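Next up, query_29.txt (compact mmCIF, C-alpha atoms):
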# COMPACT_ATOMS: atom_id res chain seq x y z
CA MET A 1 -23.29 5.95 2.95
CA ALA A 2 -22.47 5.49 -0.75
CA SER A 3 -19.72 2.92 -1.02
CA ARG A 4 -16.78 2.41 -3.36
CA ILE A 5 -15.91 -0.84 -1.63
CA GLN A 6 -15.12 -3.50 -4.20
CA GLY A 7 -14.36 -6.47 -2.01
CA LEU A 8 -13.85 -7.86 1.45
CA GLN A 9 -11.41 -10.48 2.67
CA LYS A 10 -12.87 -11.65 5.93
CA LEU A 11 -9.67 -13.09 7.38
CA THR A 12 -5.98 -12.47 6.71
CA LEU A 13 -2.85 -13.28 8.65
CA LEU A 14 -0.60 -11.48 6.14
CA ASP A 15 -1.93 -7.99 5.44
CA TYR A 16 -1.50 -6.52 8.93
CA PRO A 17 1.89 -7.50 10.41
CA GLY A 18 1.45 -9.52 13.58
CA LYS A 19 -2.33 -9.16 13.61
CA VAL A 20 -5.39 -11.15 12.61
CA ALA A 21 -7.39 -8.87 10.35
CA ALA A 22 -9.96 -8.36 7.64
CA THR A 23 -9.12 -6.45 4.45
CA VAL A 24 -11.38 -3.96 2.70
CA PHE A 25 -10.69 -3.16 -0.98
CA PHE A 26 -11.69 0.25 -2.35
CA GLY A 27 -12.09 0.76 -6.08
CA GLY A 28 -10.36 3.28 -8.29
CA CYS A 29 -6.82 4.59 -8.39
CA ASN A 30 -5.14 7.71 -9.73
CA PHE A 31 -2.10 5.67 -10.85
CA ARG A 32 -1.79 3.27 -13.77
CA CYS A 33 1.16 1.16 -12.67
CA PRO A 34 1.61 -1.46 -15.42
CA PHE A 35 2.44 -4.18 -12.87
CA CYS A 36 -0.67 -3.57 -10.77
CA HIS A 37 -2.27 -6.94 -10.06
CA ASN A 38 -5.73 -5.46 -9.32
CA ALA A 39 -6.56 -4.13 -12.79
CA ASP A 40 -10.30 -4.66 -12.35
CA VAL A 41 -10.35 -2.78 -9.05
CA VAL A 42 -8.37 0.09 -10.59
CA LEU A 43 -9.86 0.33 -14.08
CA ARG A 44 -13.33 -1.18 -13.77
CA PRO A 45 -14.63 -0.57 -10.25
CA THR A 46 -18.28 -1.34 -9.66
CA ARG A 47 -20.63 -0.18 -6.92
CA ASP A 48 -22.51 -3.38 -6.25
CA PHE A 49 -20.95 -4.18 -2.86
CA ASP A 50 -23.46 -4.11 -0.03
CA GLU A 51 -21.72 -2.18 2.75
CA ARG A 52 -24.03 -3.80 5.28
CA GLU A 53 -21.92 -6.93 4.82
CA LEU A 54 -18.88 -5.07 6.14
CA ASP A 55 -20.74 -3.60 9.08
CA LYS A 56 -22.13 -7.01 9.95
CA LEU A 57 -18.63 -8.48 9.87
CA LEU A 58 -17.21 -5.74 12.08
CA LEU A 59 -19.94 -6.28 14.64
CA LYS A 60 -19.68 -10.07 14.57
CA ARG A 61 -15.87 -10.36 14.71
CA ARG A 62 -15.22 -8.08 17.68
CA GLY A 63 -12.83 -9.91 19.98
CA VAL A 64 -11.83 -12.27 17.15
CA LEU A 65 -10.14 -9.92 14.70
CA ASP A 66 -7.46 -7.49 15.85
CA GLY A 67 -7.73 -5.05 13.00
CA VAL A 68 -9.00 -3.97 9.62
CA CYS A 69 -6.81 -3.19 6.60
CA PHE A 70 -7.99 -0.57 4.13
CA THR A 71 -6.46 -0.95 0.69
CA GLY A 72 -7.31 -0.53 -2.96
CA GLY A 73 -6.89 0.79 -5.54
CA GLU A 74 -6.18 3.93 -3.59
CA PRO A 75 -8.43 4.23 -0.52
CA LEU A 76 -7.69 7.92 0.03
CA MET A 77 -9.50 8.69 -3.24
CA CYS A 78 -12.72 7.47 -1.65
CA ASP A 79 -14.82 9.80 0.46
CA ASP A 80 -16.26 6.91 2.47
CA ALA A 81 -12.88 5.47 3.49
CA ARG A 82 -12.59 7.78 6.49
CA ALA A 83 -16.11 6.94 7.64
CA TRP A 84 -15.29 3.24 7.61
CA MET A 85 -12.06 3.84 9.51
CA GLU A 86 -14.04 5.75 12.11
CA ARG A 87 -16.51 2.88 12.31
CA ALA A 88 -13.72 0.33 12.77
CA LYS A 89 -12.09 2.40 15.52
CA GLU A 90 -15.48 2.92 17.19
CA LEU A 91 -15.83 -0.87 17.41
CA GLY A 92 -12.37 -1.28 18.92
CA TYR A 93 -10.35 -2.40 15.89
CA LEU A 94 -6.85 -1.41 14.94
CA VAL A 95 -6.68 0.21 11.50
CA LYS A 96 -4.03 -0.32 8.85
CA LEU A 97 -3.98 1.90 5.78
CA ASP A 98 -2.29 1.09 2.47
CA THR A 99 -1.65 4.16 0.29
CA ASN A 100 0.35 5.30 -2.70
CA GLY A 101 1.13 8.57 -0.93
CA SER A 102 -0.48 10.88 -3.47
CA TYR A 103 -2.86 12.54 -0.98
CA PRO A 104 -0.61 13.87 1.81
CA GLU A 105 -3.16 16.28 3.26
CA ARG A 106 -5.84 13.61 3.56
CA LEU A 107 -3.25 11.31 5.11
CA ARG A 108 -2.22 13.99 7.59
CA ARG A 109 -5.82 14.54 8.66
CA LEU A 110 -6.31 10.82 9.30
CA LEU A 111 -3.14 10.68 11.37
CA ASP A 112 -4.09 13.80 13.32
CA ALA A 113 -7.48 12.24 14.07
CA GLY A 114 -5.87 9.06 15.40
CA LEU A 115 -7.62 6.89 12.82
CA VAL A 116 -4.55 4.98 11.62
CA ASP A 117 -2.57 2.54 13.76
CA TYR A 118 -0.26 1.16 11.06
CA LEU A 119 0.64 2.67 7.71
CA ALA A 120 2.07 1.13 4.56
CA MET A 121 3.13 3.32 1.64
CA ASP A 122 4.12 2.01 -1.76
CA VAL A 123 7.21 3.80 -3.00
CA LYS A 124 6.88 2.96 -6.66
CA ASN A 125 10.42 3.70 -7.80
CA SER A 126 13.30 6.16 -7.57
CA PRO A 127 12.28 9.78 -8.20
CA ASP A 128 13.69 9.83 -11.74
CA ALA A 129 11.58 6.82 -12.75
CA TYR A 130 8.32 7.64 -10.98
CA ALA A 131 6.34 8.90 -13.98
CA GLU A 132 7.12 5.82 -16.03
CA THR A 133 6.37 3.50 -13.13
CA VAL A 134 2.97 4.99 -12.27
CA GLY A 135 1.98 5.31 -15.92
CA ILE A 136 1.49 9.09 -15.89
CA GLU A 137 3.45 11.47 -18.10
CA ARG A 138 4.83 14.63 -16.42
CA PHE A 139 3.93 13.23 -13.01
CA ASP A 140 4.23 15.71 -10.12
CA LEU A 141 6.35 14.06 -7.46
CA ALA A 142 5.76 16.78 -4.84
CA PRO A 143 2.83 15.03 -3.06
CA ILE A 144 4.83 11.80 -2.87
CA ARG A 145 7.80 13.59 -1.33
CA GLU A 146 5.46 15.25 1.16
CA SER A 147 3.93 11.93 2.20
CA VAL A 148 7.34 10.29 2.58
CA ALA A 149 8.49 13.15 4.81
CA LEU A 150 5.29 12.94 6.86
CA ILE A 151 5.53 9.19 7.35
CA LEU A 152 9.20 9.40 8.32
CA GLN A 153 8.14 11.48 11.33
CA GLY A 154 6.96 8.20 12.86
CA ILE A 155 3.57 9.39 14.04
CA VAL A 156 2.42 5.75 13.84
CA PRO A 157 4.30 2.53 13.07
CA TYR A 158 4.83 2.23 9.33
CA GLU A 159 6.55 0.53 6.46
CA PHE A 160 7.57 1.50 2.96
CA ARG A 161 7.47 -1.12 0.23
CA THR A 162 8.34 -1.50 -3.43
CA THR A 163 7.17 -4.19 -5.83
CA VAL A 164 10.28 -4.99 -7.85
CA VAL A 165 9.67 -5.77 -11.52
CA ARG A 166 11.70 -5.78 -14.69
CA PRO A 167 12.29 -3.67 -16.68
CA LEU A 168 11.19 -0.84 -14.38
CA HIS A 169 13.50 -1.51 -11.45
CA THR A 170 17.27 -1.76 -11.37
CA ARG A 171 19.73 -2.11 -8.52
CA GLU A 172 20.62 1.54 -8.90
CA ARG A 173 17.00 2.65 -8.65
CA ILE A 174 16.34 0.49 -5.61
CA LEU A 175 19.41 1.93 -3.93
CA SER A 176 18.16 5.43 -4.75
CA ILE A 177 14.87 4.63 -2.99
CA GLY A 178 16.83 3.50 0.06
CA GLU A 179 18.72 6.77 0.12
CA TRP A 180 15.42 8.67 -0.22
CA ILE A 181 13.80 6.94 2.77
CA ALA A 182 16.99 6.62 4.82
CA GLY A 183 16.31 5.89 8.49
CA ALA A 184 12.85 4.45 7.86
CA GLN A 185 11.38 2.03 10.40
CA ALA A 186 10.98 -0.71 7.79
CA TYR A 187 11.31 -1.25 4.05
CA TYR A 188 10.15 -4.27 2.06
CA LEU A 189 11.08 -5.32 -1.43
CA GLN A 190 8.19 -7.34 -2.80
CA ALA A 191 8.60 -9.99 -5.47
CA PHE A 192 6.46 -9.42 -8.55
CA VAL A 193 3.88 -12.08 -9.35
CA ASP A 194 1.89 -12.00 -12.58
CA SER A 195 -1.72 -12.33 -11.45
CA GLY A 196 -3.00 -12.56 -15.02
CA ASN A 197 -4.95 -9.36 -14.40
CA LEU A 198 -2.27 -6.72 -14.98
CA ILE A 199 -2.63 -3.24 -16.45
CA GLY A 200 0.50 -3.58 -18.60
CA ASP A 201 2.49 -6.30 -20.28
CA GLY A 202 6.09 -7.26 -20.97
CA LEU A 203 6.89 -7.45 -17.26
CA HIS A 204 8.71 -10.13 -15.34
CA ALA A 205 10.06 -10.86 -11.88
CA VAL A 206 13.61 -10.29 -10.71
CA GLU A 207 15.63 -13.38 -9.82
CA ASP A 208 15.52 -14.29 -6.13
CA GLU A 209 19.26 -13.93 -5.63
CA GLU A 210 19.28 -10.46 -7.15
CA MET A 211 16.38 -9.48 -4.89
CA ARG A 212 18.48 -10.53 -1.92
CA GLN A 213 21.43 -8.53 -3.22
CA MET A 214 19.25 -5.46 -3.64
CA CYS A 215 17.99 -5.93 -0.11
CA ALA A 216 21.51 -6.17 1.30
CA SER A 217 22.65 -3.03 -0.52
CA VAL A 218 19.71 -0.96 0.76
CA ARG A 219 20.41 -1.88 4.38
CA LYS A 220 23.12 0.76 4.59
CA TYR A 221 20.27 3.29 4.44
CA VAL A 222 17.43 1.30 6.03
CA PRO A 223 18.81 -1.49 8.24
CA ASN A 224 15.36 -3.04 8.64
CA THR A 225 15.00 -3.97 4.96
CA HIS A 226 13.61 -7.36 3.95
CA VAL A 227 12.27 -9.25 0.95
CA ARG A 228 8.69 -10.46 0.67
CA GLY A 229 7.47 -13.14 -1.67
CA ILE A 230 10.58 -15.33 -1.82
CA ASP A 231 12.44 -17.43 0.70
CA GLN A 232 13.61 -15.36 3.63
CA ASP A 233 16.79 -13.39 3.04
Before we go any further, please render this structure as structure tokens.
Amino acid sequence: MASRIQGLQKLTLLDYPGKVAATVFFGGCNFRCPFCHNADVVLRPTRDFDERELDKLLLKRRGVLDGVCFTGGEPLMCDDARAWMERAKELGYLVKLDTNGSYPERLRRLLDAGLVDYLAMDVKNSPDAYAETVGIERFDLAPIRESVALILQGIVPYEFRTTVVRPLHTRERILSIGEWIAGAQAYYLQAFVDSGNLIGDGLHAVEDEEMRQMCASVRKYVPNTHVRGIDQD
């Protein structure tokens, strides 16, 4: 199969909650979030990854790894993502999918096929600020709303998450996200870290204490809200 895989992390204890996993990175994304820390994967994907390396890993690590995380970029852009999920499930792995929620029909088909065991969707910002945050003028929010509604059905365990970065995010916008996803199983505010490989510039992290305050305010909508990337709240 032709592959858009850009990289492979052979072992992670962080990407799949509570599981030992490998992470597969797919290239390309339909968003241009200025704070994206994978600019090369998004803007300059290559096709030089030998997919046999992934298959070899999946065969070798059966009984050692619990699962495989599929991330990007945006994996649902890639025709071969489903085939690799099928391969992982065939070999007995749990599958975690990271998505920006812009392909609700593709997501629904994966869920209907039982190919996803855990789902993480990035909610980029409050609805009024989405276009600015994803770097697309006149952005159509309808697919995002559809994916949020689908995920909230709880077909599989899931989390929503938002990388919080100034000047794009404010307390009011974070609270608006909480209201949007009210009743969700889990919501994580993620601290911004400048990787040195960003799409945009002029961005900076929010102070730890303000992150905690944002987290506390959102809990009236999503009680299971936490902060990632700073000391535990």
Mind giving me the straight-line distance from CA of Thr163 (chain A) to CA of Leu110 (chain A) in Å, one decimal?
->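 Spanning CA of Thr163 (chain A) to CA of Leu110 (chain A) is a straight-line distance of 25.2 Å.
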Do you know which residues lie at most 6 Å from (-13.4, -7.1, 0.5), with coordinates as in the file and all atoms listed in the file counted, and could you write them as a PDB file with C-alpha atoms, in the coordinates of the input?
ATOM      1  CA  GLY A   7     -14.360  -6.470  -2.010  1.00  0.00           C
ATOM      2  CA  LEU A   8     -13.850  -7.860   1.450  1.00  0.00           C
ATOM      3  CA  GLN A   9     -11.410 -10.480   2.670  1.00  0.00           C
ATOM      4  CA  THR A  23      -9.120  -6.450   4.450  1.00  0.00           C
ATOM      5  CA  VAL A  24     -11.380  -3.960   2.700  1.00  0.00           C
ATOM      6  CA  PHE A  25     -10.690  -3.160  -0.980  1.00  0.00           C
TER       7      PHE A  25
END
Within 12 Å of Lys10 (chain A) using only C-alpha atoms, minus same-chain residues under 2 positions, as a list of chain:residue names | A:Gly7, A:Leu8, A:Thr12, A:Leu13, A:Asp15, A:Val20, A:Ala21, A:Ala22, A:Thr23, A:Val24, A:Phe25, A:Glu53, A:Leu54, A:Asp55, A:Lys56, A:Leu57, A:Leu58, A:Lys60, A:Arg61, A:Val64, A:Leu65, A:Gly67, A:Val68, A:Cys69
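If only C-alpha atoms are the atoms counted, then among A:Phe31, A:Tyr221, A:Phe139, A:Phe160 the closest residue to Glu179 (chain A) is A:Tyr221.
Going from CA of Arg166 (chain A) over to CA of Val134 (chain A), you cover 14.1 Å.
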For each of A:Met211, A:Leu94, A:Ala186, A:Leu175, take the minimum atom-to-atom distance to Ala120 (chain A), counting all atoms listed in the file, then give the residue where this is smallest.
->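 The shortest atom-to-atom distance to Ala120 (chain A) comes from A:Ala186.
Between CA of Trp180 (chain A) and CA of Cys36 (chain A) lies a distance of 22.8 Å.
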Residues of region 4-113 of chain A that have any atom at most 12 Å from an atom of region 148-159 of chain A: could you tabulate them with the shortest-distance atom pair and the distance in Å to one decimal, using only C-alpha atoms, ordered by chain and increasing number, as JSON lines?
{"residue": "A:Tyr16", "atom": "CA", "partner": "A:Tyr158", "partner_atom": "CA", "distance": 10.8}
{"residue": "A:Pro17", "atom": "CA", "partner": "A:Glu159", "partner_atom": "CA", "distance": 10.1}
{"residue": "A:Leu94", "atom": "CA", "partner": "A:Val156", "partner_atom": "CA", "distance": 11.8}
{"residue": "A:Val95", "atom": "CA", "partner": "A:Val156", "partner_atom": "CA", "distance": 10.9}
{"residue": "A:Lys96", "atom": "CA", "partner": "A:Tyr158", "partner_atom": "CA", "distance": 9.2}
{"residue": "A:Leu97", "atom": "CA", "partner": "A:Tyr158", "partner_atom": "CA", "distance": 9.5}
{"residue": "A:Asp98", "atom": "CA", "partner": "A:Glu159", "partner_atom": "CA", "distance": 9.7}
{"residue": "A:Thr99", "atom": "CA", "partner": "A:Glu159", "partner_atom": "CA", "distance": 10.9}
{"residue": "A:Asn100", "atom": "CA", "partner": "A:Val148", "partner_atom": "CA", "distance": 10.1}
{"residue": "A:Gly101", "atom": "CA", "partner": "A:Val148", "partner_atom": "CA", "distance": 7.3}
{"residue": "A:Ser102", "atom": "CA", "partner": "A:Val148", "partner_atom": "CA", "distance": 9.9}
{"residue": "A:Tyr103", "atom": "CA", "partner": "A:Val148", "partner_atom": "CA", "distance": 11.0}
{"residue": "A:Pro104", "atom": "CA", "partner": "A:Leu150", "partner_atom": "CA", "distance": 7.8}
{"residue": "A:Glu105", "atom": "CA", "partner": "A:Leu150", "partner_atom": "CA", "distance": 9.8}
{"residue": "A:Arg106", "atom": "CA", "partner": "A:Leu150", "partner_atom": "CA", "distance": 11.6}
{"residue": "A:Leu107", "atom": "CA", "partner": "A:Leu150", "partner_atom": "CA", "distance": 8.9}
{"residue": "A:Arg108", "atom": "CA", "partner": "A:Leu150", "partner_atom": "CA", "distance": 7.6}
{"residue": "A:Arg109", "atom": "CA", "partner": "A:Leu150", "partner_atom": "CA", "distance": 11.4}
{"residue": "A:Leu110", "atom": "CA", "partner": "A:Ile155", "partner_atom": "CA", "distance": 11.1}
{"residue": "A:Leu111", "atom": "CA", "partner": "A:Ile155", "partner_atom": "CA", "distance": 7.3}
{"residue": "A:Asp112", "atom": "CA", "partner": "A:Ile155", "partner_atom": "CA", "distance": 8.9}
{"residue": "A:Ala113", "atom": "CA", "partner": "A:Ile155", "partner_atom": "CA", "distance": 11.4}
Contacts of His169 (chain A) within 10 Å, only C-alpha atoms, excl. fewer than 2 positions in-chain, as a list in words |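 Within the cut-off, the hits are Lys124, Asn125, Ser126, Ala129, Thr133, Thr162, Thr163, Val164, Val165, Arg166, Pro167, Arg171, Glu172, Arg173, Ile174, Ala205 and Val206 of chain A.
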Between A:Gln213, A:Asn197, A:Gln6, A:Ser176, which one has atoms that come closest to Asp50 (chain A), using only C-alpha atoms?
->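 Selected residue with least distance to Asp50 (chain A): A:Gln6.
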Might you pull out every residue within 8 Å of Gly135 (chain A), with all atoms listed in the file counted and same-chain residues fewer than 4 positions away left off, and present them as a PyMOL selection string?
-> chain A and resi 31-34+131
With a distance cut-off of 8 Å and only C-alpha atoms, select the neighbouring residues of Cys29 (chain A), excluding the residue or stretch itself and same-chain residues fewer than 3 positions from it, and output the selection as a JSON list (two decimals) with C-alpha atoms, in the coordinates of the input.
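Contents of the output file result-v7.json:
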[["chain", "number", "residue", "atom", "x", "y", "z"],
["A", 32, "ARG", "CA", -1.79, 3.27, -13.77],
["A", 42, "VAL", "CA", -8.37, 0.09, -10.59],
["A", 43, "LEU", "CA", -9.86, 0.33, -14.08],
["A", 72, "GLY", "CA", -7.31, -0.53, -2.96],
["A", 73, "GLY", "CA", -6.89, 0.79, -5.54],
["A", 74, "GLU", "CA", -6.18, 3.93, -3.59],
["A", 77, "MET", "CA", -9.50, 8.69, -3.24]]
Using all atoms listed in the file, determine which residues lie at most 10 Å from Gly63 (chain A), disregarding the query and same-chain residues fewer than 6 positions distant; provide the list as an MDAnalysis selection string.
-> chainID A and resid 91:93
Go ahead and save the residues from that selection, with C-alpha atoms, as a PDB file, in the frame of the given file.
ATOM      1  CA  LEU A  91     -15.830  -0.870  17.410  1.00  0.00           C
ATOM      2  CA  GLY A  92     -12.370  -1.280  18.920  1.00  0.00           C
ATOM      3  CA  TYR A  93     -10.350  -2.400  15.890  1.00  0.00           C
TER       4      TYR A  93
END
For each of A:Glu146, A:Glu137, A:Asp208, A:Asp117, take the minimum atom-to-atom distance to Phe70 (chain A), counting all atoms listed in the file, then give the residue where this is smallest.
->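 Of all the options, A:Asp117 lies closest to Phe70 (chain A).
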Between A:Ile5, A:Cys215, A:Leu119, A:Leu189, single out the one closest to Asp79 (chain A), counting all atoms listed in the file.
->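 Once distances to Asp79 (chain A) are computed over all atoms listed in the file, the minimum belongs to A:Ile5.
Take the candidates A:Glu132, A:His37, A:Thr170, A:Val227 and check each one against Val193 (chain A) using all atoms listed in the file; the shortest distance goes to A:His37.
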